[in-house]
Amino acid sequence: MSKRRVLITSALPYINGIKHLGNLVGSMLTADVFARFQRARGVETLFICATDEHGSTTELAALEAGQDVVTFCAEQHAAQADVCRRFGLSWNHFGRSSNRPNHELTQHFARQLWKNGHLEIRSTKQVYSNADGRFLPDRYVIGTCPHCGYPSARGDQCENCTRVLDPADLIAPRSAISGSSDLEIRDSTHLFLKQSQFVPQLREWIASHKNDWPLLVTSIANKWLDEGLHDRGITRDVEWGVPVPDDIGDGQLKGKVFYVWFDAPIEYIGATWEWAEANNRGNEWKSWWFGEEARDVAYFQFMGKDNIPFHTVGFPVTVMGSDEPWKLVDQLKGFNYINYYGGKFSTSQKRGVFMDTALEILPADYWRYYLIANAPEGSDSNFTWEHFAGVVNKDLADVLGNFVNRITRFCASRFDGRVPGEGAYGEDEHALIAELGKRVPACAELFERAEFRKAAAELRAIWVAGNEYLTHAAPWTTIKTDRDRAAASVRLGLNLVHIFSHLAWPVIPAMARQIHETIQPLGDRVTIPWPSGSLDEELDQLEAGQPIRSPQVLFAKITDEQIMEWTARFGGTET
RNA sequence: GGCAGCGUAGCUCAGUGGUAGAGCAGGGGAAUCAUAAUCCCUUGGUCGGGGGUUCAAAUCCCUCCGCUGCUACCA
């Protein structure tokens, strides 16, 4: 088998503000853990993300912030890049959908679709606000619901009775931006992608992944196909977007831009191009995406469930309709949501925990471990401070942190802080080595399959096995009668600390470094590799006499006072 | 309204036809190297209700109840 390369994209975070923990775990964090794991295994890996910047929401957010949209996006991109870096997200490149490569590629795909007859021009009725001087998206038209009488129903759907609406249905419609009721319906010409033609092809493609994609993903995809795929408008009457080129439709679409959901997934490719430009790699970006050259690439996408339709239907149609050999996703990992005390995370209501505030109160690895160990894979999961503190205190502080602490301190006090060379491994040691000989490959397999909860549970089970061993071997007892026996136990204990660092690095990279530095300096190595040798070798790596560093508390425990403080600060239990 | 997912121990969740599981919490004990951490043992569930198929159902089918999400111009 030829050498495999792995391409990983996490769903693009929308430019409008810092994301919350649910957004983080559903796309960026799980993708990061997967990317780190692949790199740790020595696989050539390219991990790409970008901000999704276009559309009316951005325009209105910029308006509200009193900024022009270019400045707004530049600032927001920098802010997200910063907080994501501090969360340890290890993208090879974090691009922007507003950058030139995405403009070129989006226009290229549109031209291909046009050339191949998959686009058509249709006249649509759009709401125009004279006071605002712009077309309004449906949801920015507000009025009274014709079904239930709710006075603030949005033009796309009534929040009160949940019925789907058309803005023209609303009684006494007004602009959500200015409140003006000086609205009119205008004709507007748009491009439609004839998605319905692709239904058989999509069905076949999705059916081929019935066994390797999560049920969540295939069921959402099939639902869209079963309900009849509508042709979809791929242009909008807004300013901020990729312009439709004049050669499509003989200039009938002048002034229009592509719909943000058309250009956003293309930015996966665009950001790869940006990566190549930023790293002087010329056309190498294309080898990850196009034709024969990309045959050795396995492509993984990570996203929350709200993104699934666009990645199983919309974007694949763009790719298929181009009639060019661009890569389709191989493994699509979709996630549910994390709820906050049973309710949704909400920016507007200030409920829940956001990436920047999370880092204000605790280091990234606390969050990374908790979120991975409780990733919403099978269903929505529920965040509470009590549960969070319980998991962090038990798993990180007591099971992992305390293990490192107890063995290193014992070594410091009784063996002069050096790896003892005396004694040979005996029955207990070989039993543990045999157990890890099963658990470590099992853990690797779970990471490989991107089953994060189970992978984290296996990681934890490995730490527990270390504690079991140490308690049973009890070098603090044996040292009284058999110093060599105790020395062998301590030597294995230190080797365990060392391997724990290697195994935990994809999930908790900063702490893994710190743990490794306790035993051995890392220098400027960025990746801490996954153990590749037999466990016999891996657990007898440290050289006798090698000094270890003075131990320190790795994970401070979360106190009841902190839980109370944070519950009050972040919105707590009221729904 | 339609569709989808979920409903398993106090809590968070595994488990898709073969004698109900894990972690946490609770109870008992051991140990004293360690952040009062660790280790061992243990209590605890008619698997949302009802009906059906089967030698056998948490698992397949029907139905009812509850929760959550999606419903295409927010992204």
# chains A, B, ... in the order shown; residues from 1 in each chain; ligands from 1

call {"tool": "interface_residues", "arguments": {"of": "chain B", "to": "chain A", "cutoff": "8 Å", "atoms": "only C-alpha atoms (C1' of nucleotides)", "output": "PyMOL selection string"}}
result
chain B and resi 3-6+12+24+31+33-35+37-39+68+70-75

call {"tool": "write_last_selection", "arguments": {"atoms": "C-alpha atoms (C1' of nucleotides)", "output": "short mmCIF file (atom, residue, chain, number, x, y, z; two decimals), in the first residue's frame"}}
result
data_model
loop_
_atom_site.label_atom_id
_atom_site.label_comp_id
_atom_site.auth_asym_id
_atom_site.auth_seq_id
_atom_site.Cartn_x
_atom_site.Cartn_y
_atom_site.Cartn_z
"C1'" C B 3 -39.04 14.27 9.54
"C1'" A B 4 -34.84 12.57 12.45
"C1'" G B 5 -32.33 11.24 16.90
"C1'" C B 6 -32.74 10.04 21.84
"C1'" U B 12 -22.90 11.03 32.59
"C1'" C B 24 -18.73 9.13 38.84
"C1'" A B 31 -2.44 1.13 52.12
"C1'" C B 33 4.53 7.04 47.96
"C1'" A B 34 1.15 11.15 46.63
"C1'" U B 35 -2.80 17.13 45.17
"C1'" A B 37 -4.79 11.40 46.25
"C1'" U B 38 -4.60 5.64 45.33
"C1'" C B 39 -6.12 0.33 45.37
"C1'" U B 68 -34.04 17.37 21.71
"C1'" C B 70 -34.01 19.97 11.75
"C1'" U B 71 -37.68 21.95 8.40
"C1'" A B 72 -33.95 24.62 2.86
"C1'" C B 73 -33.11 33.20 2.61
"C1'" C B 74 -29.08 33.12 9.86
"C1'" A B 75 -24.88 30.51 9.23
#

call {"tool": "select_by_dssp", "arguments": {"residues": "stretch 179-224 of chain A", "states": "strand (DSSP E or B)", "output": "ChimeraX atom specification"}}
result
/A:183-193

call {"tool": "residues_around", "arguments": {"residues": "B:G49", "least_positions_apart": "4", "cutoff": "12 Å", "atoms": "only C-alpha atoms (C1' of nucleotides)", "output": "list in words"}}
result
G7, U63, C64, C65 and G66 of chain B

call {"tool": "write_last_selection", "arguments": {"atoms": "all heavy atoms", "output": "mmCIF file, in the first residue's frame"}}
result
data_model
loop_
_atom_site.group_PDB
_atom_site.id
_atom_site.type_symbol
_atom_site.label_atom_id
_atom_site.label_comp_id
_atom_site.auth_asym_id
_atom_site.auth_seq_id
_atom_site.Cartn_x
_atom_site.Cartn_y
_atom_site.Cartn_z
ATOM 1 P P G B 7 -31.189 6.033 23.945
ATOM 2 O OP1 G B 7 -29.996 5.490 24.619
ATOM 3 O OP2 G B 7 -31.933 5.238 22.959
ATOM 4 O "O5'" G B 7 -32.208 6.520 25.057
ATOM 5 C "C5'" G B 7 -31.782 7.448 26.062
ATOM 6 C "C4'" G B 7 -32.983 7.808 26.918
ATOM 7 O "O4'" G B 7 -34.018 8.289 26.044
ATOM 8 C "C3'" G B 7 -33.554 6.615 27.681
ATOM 9 O "O3'" G B 7 -33.778 6.947 29.055
ATOM 10 C "C2'" G B 7 -34.901 6.340 27.005
ATOM 11 O "O2'" G B 7 -35.915 6.009 27.949
ATOM 12 C "C1'" G B 7 -35.240 7.691 26.372
ATOM 13 N N9 G B 7 -36.056 7.515 25.168
ATOM 14 C C8 G B 7 -35.652 7.138 23.917
ATOM 15 N N7 G B 7 -36.634 7.048 23.065
ATOM 16 C C5 G B 7 -37.763 7.396 23.806
ATOM 17 C C6 G B 7 -39.125 7.483 23.419
ATOM 18 O O6 G B 7 -39.623 7.265 22.319
ATOM 19 N N1 G B 7 -39.933 7.866 24.489
ATOM 20 C C2 G B 7 -39.484 8.139 25.751
ATOM 21 N N2 G B 7 -40.405 8.491 26.643
ATOM 22 N N3 G B 7 -38.209 8.065 26.131
ATOM 23 C C4 G B 7 -37.420 7.687 25.110
ATOM 24 P P U B 63 -47.181 2.557 14.113
ATOM 25 O OP1 U B 63 -48.044 3.276 13.148
ATOM 26 O OP2 U B 63 -45.753 2.918 14.240
ATOM 27 O "O5'" U B 63 -47.836 2.648 15.560
ATOM 28 C "C5'" U B 63 -49.237 2.437 15.742
ATOM 29 C "C4'" U B 63 -49.557 2.460 17.209
ATOM 30 O "O4'" U B 63 -48.812 1.410 17.881
ATOM 31 C "C3'" U B 63 -49.125 3.732 17.939
ATOM 32 O "O3'" U B 63 -50.057 4.786 17.764
ATOM 33 C "C2'" U B 63 -49.051 3.238 19.382
ATOM 34 O "O2'" U B 63 -50.333 3.134 19.963
ATOM 35 C "C1'" U B 63 -48.469 1.834 19.194
ATOM 36 N N1 U B 63 -46.995 1.827 19.331
ATOM 37 C C2 U B 63 -46.474 1.787 20.613
ATOM 38 O O2 U B 63 -47.174 1.752 21.605
ATOM 39 N N3 U B 63 -45.107 1.796 20.689
ATOM 40 C C4 U B 63 -44.216 1.842 19.635
ATOM 41 O O4 U B 63 -43.014 1.842 19.865
ATOM 42 C C5 U B 63 -44.832 1.895 18.338
ATOM 43 C C6 U B 63 -46.162 1.885 18.235
ATOM 44 P P C B 64 -49.541 6.300 17.843
ATOM 45 O OP1 C B 64 -50.612 7.163 17.302
ATOM 46 O OP2 C B 64 -48.175 6.379 17.283
ATOM 47 O "O5'" C B 64 -49.452 6.522 19.418
ATOM 48 C "C5'" C B 64 -50.626 6.448 20.224
ATOM 49 C "C4'" C B 64 -50.240 6.413 21.676
ATOM 50 O "O4'" C B 64 -49.432 5.233 21.947
ATOM 51 C "C3'" C B 64 -49.342 7.551 22.141
ATOM 52 O "O3'" C B 64 -50.062 8.748 22.381
ATOM 53 C "C2'" C B 64 -48.755 6.963 23.411
ATOM 54 O "O2'" C B 64 -49.675 6.980 24.479
ATOM 55 C "C1'" C B 64 -48.512 5.519 22.983
ATOM 56 N N1 C B 64 -47.132 5.334 22.465
ATOM 57 C C2 C B 64 -46.090 5.194 23.396
ATOM 58 O O2 C B 64 -46.369 5.232 24.597
ATOM 59 N N3 C B 64 -44.826 5.045 22.951
ATOM 60 C C4 C B 64 -44.578 5.017 21.646
ATOM 61 N N4 C B 64 -43.328 4.862 21.255
ATOM 62 C C5 C B 64 -45.621 5.156 20.678
ATOM 63 C C6 C B 64 -46.865 5.312 21.128
ATOM 64 P P C B 65 -49.316 10.165 22.251
ATOM 65 O OP1 C B 65 -50.329 11.232 22.388
ATOM 66 O OP2 C B 65 -48.444 10.117 21.058
ATOM 67 O "O5'" C B 65 -48.383 10.166 23.551
ATOM 68 C "C5'" C B 65 -48.952 10.173 24.855
ATOM 69 C "C4'" C B 65 -47.858 10.122 25.879
ATOM 70 O "O4'" C B 65 -47.116 8.875 25.761
ATOM 71 C "C3'" C B 65 -46.772 11.179 25.737
ATOM 72 O "O3'" C B 65 -47.172 12.440 26.244
ATOM 73 C "C2'" C B 65 -45.638 10.557 26.532
ATOM 74 O "O2'" C B 65 -45.850 10.676 27.927
ATOM 75 C "C1'" C B 65 -45.766 9.079 26.129
ATOM 76 N N1 C B 65 -44.887 8.755 24.981
ATOM 77 C C2 C B 65 -43.518 8.573 25.228
ATOM 78 O O2 C B 65 -43.094 8.684 26.381
ATOM 79 N N3 C B 65 -42.701 8.287 24.188
ATOM 80 C C4 C B 65 -43.202 8.177 22.955
ATOM 81 N N4 C B 65 -42.349 7.897 21.977
ATOM 82 C C5 C B 65 -44.581 8.363 22.682
ATOM 83 C C6 C B 65 -45.391 8.650 23.719
ATOM 84 P P G B 66 -46.541 13.776 25.617
ATOM 85 O OP1 G B 66 -47.262 14.926 26.219
ATOM 86 O OP2 G B 66 -46.490 13.627 24.146
ATOM 87 O "O5'" G B 66 -45.054 13.760 26.166
ATOM 88 C "C5'" G B 66 -44.809 13.866 27.555
ATOM 89 C "C4'" G B 66 -43.352 13.656 27.822
ATOM 90 O "O4'" G B 66 -42.955 12.327 27.395
ATOM 91 C "C3'" G B 66 -42.410 14.569 27.041
ATOM 92 O "O3'" G B 66 -42.304 15.855 27.608
ATOM 93 C "C2'" G B 66 -41.098 13.776 27.125
ATOM 94 O "O2'" G B 66 -40.502 13.903 28.394
ATOM 95 C "C1'" G B 66 -41.610 12.354 26.953
ATOM 96 N N9 G B 66 -41.550 11.909 25.557
ATOM 97 C C8 G B 66 -42.588 11.752 24.668
ATOM 98 N N7 G B 66 -42.193 11.331 23.492
ATOM 99 C C5 G B 66 -40.819 11.190 23.619
ATOM 100 C C6 G B 66 -39.839 10.763 22.675
ATOM 101 O O6 G B 66 -40.004 10.402 21.507
ATOM 102 N N1 G B 66 -38.560 10.786 23.226
ATOM 103 C C2 G B 66 -38.257 11.162 24.510
ATOM 104 N N2 G B 66 -36.984 11.119 24.855
ATOM 105 N N3 G B 66 -39.158 11.560 25.397
ATOM 106 C C4 G B 66 -40.408 11.547 24.879
#

call {"tool": "select_by_dssp", "arguments": {"residues": "stretch 374-439 of chain A", "states": "alpha helix (DSSP H)", "output": "MDAnalysis selection string"}}
result
chainID A and resid 385:391 402:414 427:439

call {"tool": "write_last_selection", "arguments": {"atoms": "C-alpha atoms", "output": "short mmCIF file (atom, residue, chain, number, x, y, z; two decimals), in the first residue's frame"}}
result
data_model
loop_
_atom_site.label_atom_id
_atom_site.label_comp_id
_atom_site.auth_asym_id
_atom_site.auth_seq_id
_atom_site.Cartn_x
_atom_site.Cartn_y
_atom_site.Cartn_z
CA TRP A 385 -20.15 22.90 36.25
CA GLU A 386 -20.62 20.09 38.76
CA HIS A 387 -20.05 17.43 36.13
CA PHE A 388 -17.15 19.32 34.60
CA ALA A 389 -15.46 19.70 37.98
CA GLY A 390 -16.07 16.05 38.80
CA VAL A 391 -14.44 14.82 35.62
CA ASN A 402 -1.44 12.43 41.21
CA PHE A 403 0.18 9.45 39.57
CA VAL A 404 2.91 11.62 38.13
CA ASN A 405 3.30 13.34 41.43
CA ARG A 406 3.43 10.27 43.63
CA ILE A 407 6.01 8.38 41.60
CA THR A 408 8.27 11.32 40.88
CA ARG A 409 8.27 12.47 44.47
CA PHE A 410 9.00 8.99 45.72
CA CYS A 411 11.86 8.79 43.25
CA ALA A 412 13.14 12.16 44.41
CA SER A 413 13.08 11.27 48.09
CA ARG A 414 14.32 7.69 47.93
CA GLU A 427 5.71 -10.68 37.47
CA ASP A 428 3.81 -7.49 38.33
CA GLU A 429 5.74 -5.51 35.78
CA HIS A 430 5.18 -8.01 33.01
CA ALA A 431 1.48 -8.21 33.80
CA LEU A 432 1.18 -4.45 33.44
CA ILE A 433 3.23 -4.43 30.26
CA ALA A 434 0.95 -7.12 28.85
CA GLU A 435 -2.15 -5.11 29.80
CA LEU A 436 -0.83 -1.97 28.12
CA GLY A 437 0.16 -4.13 25.18
CA LYS A 438 -3.57 -4.55 24.62
CA ARG A 439 -4.83 -1.18 25.77
#

call {"tool": "closest_residue", "arguments": {"among": "A:Ala568, A:Leu328, A:Val242, A:Ala78", "to": "A:Gly17", "atoms": "only C-alpha atoms"}}
result
A:Ala78

call {"tool": "atom_distance", "arguments": {"atom1": "atom CA of A:Asp187", "atom2": "atom CA of A:Leu253"}}
result
12.5 Å

call {"tool": "residues_around", "arguments": {"residues": "B:G17", "least_positions_apart": "5", "cutoff": "12 Å", "atoms": "only C-alpha atoms (C1' of nucleotides)", "output": "PDB file with N, CA and C atoms (P, O5', C5', C4', C3', O3' and C1' of nucleotides), in the first residue's frame"}}
result
ATOM      1  P     U B  53     -47.105 -12.954  18.722  1.00  0.00           P
ATOM      2  O5'   U B  53     -45.810 -12.753  17.822  1.00  0.00           O
ATOM      3  C5'   U B  53     -45.922 -12.657  16.399  1.00  0.00           C
ATOM      4  C4'   U B  53     -44.552 -12.580  15.779  1.00  0.00           C
ATOM      5  C3'   U B  53     -43.584 -13.672  16.223  1.00  0.00           C
ATOM      6  O3'   U B  53     -43.788 -14.874  15.488  1.00  0.00           O
ATOM      7  C1'   U B  53     -42.502 -11.586  16.334  1.00  0.00           C
ATOM      8  P     U B  54     -43.731 -16.254  16.245  1.00  0.00           P
ATOM      9  O5'   U B  54     -42.226 -16.335  16.739  1.00  0.00           O
ATOM     10  C5'   U B  54     -41.162 -16.476  15.815  1.00  0.00           C
ATOM     11  C4'   U B  54     -39.846 -16.461  16.536  1.00  0.00           C
ATOM     12  C3'   U B  54     -39.741 -17.443  17.704  1.00  0.00           C
ATOM     13  O3'   U B  54     -39.421 -18.744  17.256  1.00  0.00           O
ATOM     14  C1'   U B  54     -38.945 -15.329  18.379  1.00  0.00           C
ATOM     15  P     C B  55     -40.142 -19.968  17.940  1.00  0.00           P
ATOM     16  O5'   C B  55     -39.403 -20.123  19.347  1.00  0.00           O
ATOM     17  C5'   C B  55     -39.990 -20.928  20.356  1.00  0.00           C
ATOM     18  C4'   C B  55     -39.059 -20.986  21.540  1.00  0.00           C
ATOM     19  C3'   C B  55     -38.578 -19.637  22.048  1.00  0.00           C
ATOM     20  O3'   C B  55     -39.514 -19.051  22.927  1.00  0.00           O
ATOM     21  C1'   C B  55     -36.728 -21.088  21.816  1.00  0.00           C
ATOM     22  P     A B  56     -39.809 -17.466  22.813  1.00  0.00           P
ATOM     23  O5'   A B  56     -38.398 -16.854  23.222  1.00  0.00           O
ATOM     24  C5'   A B  56     -37.950 -16.955  24.584  1.00  0.00           C
ATOM     25  C4'   A B  56     -36.558 -16.395  24.691  1.00  0.00           C
ATOM     26  C3'   A B  56     -36.399 -14.950  24.259  1.00  0.00           C
ATOM     27  O3'   A B  56     -36.771 -14.075  25.297  1.00  0.00           O
ATOM     28  C1'   A B  56     -34.660 -16.256  23.331  1.00  0.00           C
ATOM     29  P     A B  57     -37.487 -12.652  24.915  1.00  0.00           P
ATOM     30  O5'   A B  57     -36.331 -11.822  24.201  1.00  0.00           O
ATOM     31  C5'   A B  57     -35.114 -11.474  24.880  1.00  0.00           C
ATOM     32  C4'   A B  57     -34.798 -10.018  24.631  1.00  0.00           C
ATOM     33  C3'   A B  57     -35.853  -9.063  25.184  1.00  0.00           C
ATOM     34  O3'   A B  57     -35.229  -7.840  25.563  1.00  0.00           O
ATOM     35  C1'   A B  57     -35.784  -8.875  22.836  1.00  0.00           C
ATOM     36  P     A B  58     -34.826  -7.578  27.056  1.00  0.00           P
ATOM     37  O5'   A B  58     -34.311  -6.075  27.045  1.00  0.00           O
ATOM     38  C5'   A B  58     -35.241  -5.003  27.022  1.00  0.00           C
ATOM     39  C4'   A B  58     -34.630  -3.787  26.390  1.00  0.00           C
ATOM     40  C3'   A B  58     -34.456  -3.890  24.873  1.00  0.00           C
ATOM     41  O3'   A B  58     -35.596  -3.426  24.200  1.00  0.00           O
ATOM     42  C1'   A B  58     -32.427  -3.191  25.896  1.00  0.00           C
ATOM     43  P     U B  59     -36.092  -4.047  22.834  1.00  0.00           P
ATOM     44  O5'   U B  59     -34.817  -4.036  21.873  1.00  0.00           O
ATOM     45  C5'   U B  59     -34.306  -2.793  21.350  1.00  0.00           C
ATOM     46  C4'   U B  59     -33.044  -3.080  20.578  1.00  0.00           C
ATOM     47  C3'   U B  59     -33.269  -3.926  19.325  1.00  0.00           C
ATOM     48  O3'   U B  59     -32.579  -3.378  18.236  1.00  0.00           O
ATOM     49  C1'   U B  59     -31.666  -4.952  20.756  1.00  0.00           C
ATOM     50  P     C B  60     -33.380  -2.508  17.198  1.00  0.00           P
ATOM     51  O5'   C B  60     -34.294  -3.596  16.463  1.00  0.00           O
ATOM     52  C5'   C B  60     -33.863  -4.202  15.260  1.00  0.00           C
ATOM     53  C4'   C B  60     -34.994  -4.996  14.672  1.00  0.00           C
ATOM     54  C3'   C B  60     -36.351  -4.302  14.714  1.00  0.00           C
ATOM     55  O3'   C B  60     -36.513  -3.414  13.619  1.00  0.00           O
ATOM     56  C1'   C B  60     -36.582  -6.507  15.499  1.00  0.00           C
TER      57        C B  60
END

call {"tool": "atom_distance", "arguments": {"atom1": "atom CA of A:Asn116", "atom2": "atom CA of A:Ser322"}}
result
7.3 Å

call {"tool": "closest_residue", "arguments": {"among": "A:Val329, A:Ala271, A:Ala442, A:Ala131", "to": "A:Glu184", "atoms": "only C-alpha atoms"}}
result
A:Ala131

call {"tool": "atom_distance", "arguments": {"atom1": "atom CA of A:Asp169", "atom2": "atom CA of A:Phe135"}}
result
17.1 Å

call {"tool": "closest_residue", "arguments": {"among": "A:Asp250, A:Glu517, A:Asp540, A:Glu377", "to": "B:A14", "atoms": "only C-alpha atoms (C1' of nucleotides)"}}
result
A:Glu377

call {"tool": "residues_around", "arguments": {"residues": "A:Ala50", "least_positions_apart": "4", "cutoff": "6 Å", "atoms": "only C-alpha atoms (C1' of nucleotides)", "output": "list in words"}}
result
Leu12, Phe94, Gly95 and Arg96 of chain A
